[in-house]
There are 2 protein chains.
Amino acid sequence: MSRHISEKYDEELAAVQESLMEMGGLVEQQLNDACRALITHNRELANKVRDVEQSVNTLEVELDDQCVSIIALRQPTARDLRVMMSIMKAVTDLERIGDEADRIAKMALHVADLPIPANQYADFHTIQSDLVPMLTGALDAFARADTALALSVIADDEKVDEGYAALVRKNITEMRENPEDVEHAMNLIWAARALERIGDHAKNISEYVVYQVEGEDVRHRRVDQEPT
Amino acid sequence: MSRHISEKYDEELAAVQESLMEMGGLVEQQLNDACRALITHNRELANKVRDVEQSVNTLEVELDDQCVSIIALRQPTARDLRVMMSIMKAVTDLERIGDEADRIAKMALHVADLPIPANQYADFHTIQSDLVPMLTGALDAFARADTALALSVIADDEKVDEGYAALVRKNITEMRENPEDVEHAMNLIWAARALERIGDHAKNISEYVVYQVEGEDVRHRRVDQEPT
């Protein structure tokens, strides 16, 4: 690329990366609000999360269009092209995180009028505490092209998976012993499942960082492990 | 593009589309086998599904690499570029369908040594019957760039969602009335959840067909509906 075109490309790339981080910030907020809405039985906050979903969807379509037109106009090669591909894939994952946060908000609406349980959602909160730094880390790793951070996020996904498996086991016992709690336990399992999925998406985003920096595809390098 | 380059591009595109259909066929088989393994408590078949998962993952990485190198070398624009983007996105969805089929196979292993329930998984089978033609339709629509078929697949997703919601309701009642069945009911809900997710992926693939043919992004055009 000539210097003039290359400068223009850098500007456009910077703009698209900025939009991606904006989308990331929105989705992070959505996740935090959704968890808080569930734990505190806050109907208003749950509805707020559901409204933001629309903005996330709009950003997804806009970002995809930006990427396609940059690729078409600037025809980037090698690493630049990998960066564009990574951004397009990360956009999909961010949108799905938004979907999962929306699911948690739905669960929050289901329970909003019930009393807060005695354990105050302790197990759910444990998963959330492991997950939130993962998502922040994945976004930071992406912004700074920091593969070391990306690899540590990938490793952290195991904690989220374990927390989720523990919550499921506990709630299955709970349902067996107190059949009247089945619906509540199921809601909690659904919400925790959403957190577990968000962990997978944060891991995906981190894998794109490694791919874009090193050109190495880390997906499927290890045998996938998953709690049941 | 000159005629020579354009012919070369067409050949490469045809090769990549063929690989995509190969991956699609593999995943379809995986889904059918996983459902049959669950319904007939067939441990051997479930293990076979789990083995195929590796081939699907390998194909995913290969296809992504093929697409990136075509874009880098041939620098397609407009509709050709949209086609490449759609293929890359469809690859991700196919891989996730493989993951979900793998989850169903896991559930099949969980129940393999138990007696087959009296209702022979009738509700699960209903969802499967609605879903399998959706996946076949999505792949056909993609292969033929058939937007009418794609739109009908998108519409069919509602049936799968309804079937899933009905199964969940029924099993929640079951768990409340027969707490000793909690674990079995939960397994069935997980497996049905996997079918519901596969429906979403088939819908995504169909949306890429519309996008690649008409350049119109149909994602998020309607307010997302989802069973709880």
# chains A, B, ... in the order shown; residues from 1 in each chain; ligands from 1
>>> residues_around(residues="A:Glu18", least_positions_apart="5", cutoff="9 Å", atoms="only C-alpha atoms", output="PyMOL selection string")
chain A and resi 13+23+143
>>> write_last_selection(atoms="C-alpha atoms", output="short mmCIF file (atom, residue, chain, number, x, y, z; two decimals), in the first residue's frame")
data_model
loop_
_atom_site.label_atom_id
_atom_site.label_comp_id
_atom_site.auth_asym_id
_atom_site.auth_seq_id
_atom_site.Cartn_x
_atom_site.Cartn_y
_atom_site.Cartn_z
CA LEU A 13 -8.90 0.61 11.42
CA MET A 23 -19.63 -2.26 21.89
CA ALA A 143 -7.33 -3.49 22.38
#
>>> residues_around(residues="stretch 155-172 of chain A", least_positions_apart="6", cutoff="8 Å", atoms="only C-alpha atoms", output="MDAnalysis selection string")
(chainID A and resid 123:124 126:127 130:131 134 185:186 189 192:193 195:196 199:200 203 226:228) or (chainID B and resid 182:183)
>>> closest_residue(among="B:Ala90, B:Val83, B:Leu114, B:Met175", to="chain A", atoms="only C-alpha atoms")
B:Met175
>>> closest_atom_pairs(of="chain B", to="chain A", cutoff="9 Å", atoms="only C-alpha atoms", output="CSV")
residue,atom,partner,partner_atom,distance
B:Gln54,CA,A:His220,CA,8.4
B:Asn57,CA,A:His220,CA,6.6
B:Thr58,CA,A:His220,CA,8.1
B:Val61,CA,A:Asp217,CA,7.4
B:Val68,CA,A:Leu81,CA,7.6
B:Ser69,CA,A:Ala78,CA,8.6
B:Ile71,CA,A:Thr77,CA,8.3
B:Ala72,CA,A:Thr77,CA,5.2
B:Leu73,CA,A:Thr77,CA,8.0
B:Gln75,CA,A:Gln75,CA,6.0
B:Pro76,CA,A:Ala72,CA,7.1
B:Thr77,CA,A:Ala72,CA,5.1
B:Ala78,CA,A:Ala72,CA,6.9
B:Leu81,CA,A:Ala72,CA,7.2
B:Arg82,CA,A:Val68,CA,7.7
B:Met85,CA,A:Val68,CA,8.2
B:Lys89,CA,A:Lys89,CA,8.0
B:Arg103,CA,A:Thr228,CA,8.5
B:Lys106,CA,A:Thr228,CA,8.3
B:Met107,CA,A:Thr228,CA,8.6
B:Ile172,CA,A:Glu183,CA,6.7
B:Thr173,CA,A:Val182,CA,8.6
B:Met175,CA,A:Pro179,CA,6.7
B:Arg176,CA,A:Pro179,CA,4.6
B:Glu177,CA,A:Pro179,CA,7.2
B:Asn178,CA,A:Pro179,CA,7.9
B:Pro179,CA,A:Arg176,CA,4.7
B:Glu180,CA,A:Arg176,CA,6.2
B:Asp181,CA,A:Arg176,CA,8.0
B:Val182,CA,A:Arg176,CA,6.1
B:Glu183,CA,A:Ile172,CA,6.7
B:Met186,CA,A:Ile172,CA,8.2
B:Asp217,CA,A:Val61,CA,7.4
B:Arg219,CA,A:Val61,CA,8.0
B:His220,CA,A:Asn57,CA,6.6
B:Val223,CA,A:Gln54,CA,8.7
B:Thr228,CA,A:Lys106,CA,8.4
>>> residues_around(residues="B:Glu22", least_positions_apart="6", cutoff="12 Å", atoms="only C-alpha atoms", output="mmCIF file with C-alpha atoms, in the first residue's frame")
data_model
loop_
_atom_site.group_PDB
_atom_site.id
_atom_site.type_symbol
_atom_site.label_atom_id
_atom_site.label_comp_id
_atom_site.auth_asym_id
_atom_site.auth_seq_id
_atom_site.Cartn_x
_atom_site.Cartn_y
_atom_site.Cartn_z
ATOM 1 C CA ALA B 15 -13.656 -25.622 -3.755
ATOM 2 C CA VAL B 16 -14.371 -23.734 -0.560
ATOM 3 C CA GLU B 28 -26.020 -33.242 9.860
ATOM 4 C CA GLN B 29 -24.940 -36.852 10.339
ATOM 5 C CA SER B 55 -12.949 -33.943 12.171
ATOM 6 C CA VAL B 56 -15.452 -31.085 12.322
ATOM 7 C CA LEU B 59 -12.485 -28.730 8.855
ATOM 8 C CA GLU B 60 -13.397 -25.459 10.576
ATOM 9 C CA LEU B 63 -11.995 -23.599 5.843
ATOM 10 C CA VAL B 91 -18.360 -22.229 9.275
ATOM 11 C CA LEU B 94 -21.587 -25.374 11.716
ATOM 12 C CA LEU B 139 -27.514 -25.999 3.846
ATOM 13 C CA ALA B 143 -25.533 -24.159 -1.679
#
>>> select_by_dssp(residues="stretch 61-158 of chain B", states="alpha helix (DSSP H)", output="PyMOL selection string")
chain B and resi 61-74+78-111+122-144+147-158
>>> closest_residue(among="A:Val52, A:Leu45, A:Ala108, A:Leu151", to="A:Gly25", atoms="only C-alpha atoms")
A:Val52
>>> closest_residue(among="B:Pro115, B:Ser6, B:Asp93, B:Ala105", to="B:Leu31", atoms="only C-alpha atoms")
B:Ala105
>>> atom_distance(atom1="atom CA of B:Leu135", atom2="atom CA of B:Gln17")
16.5 Å
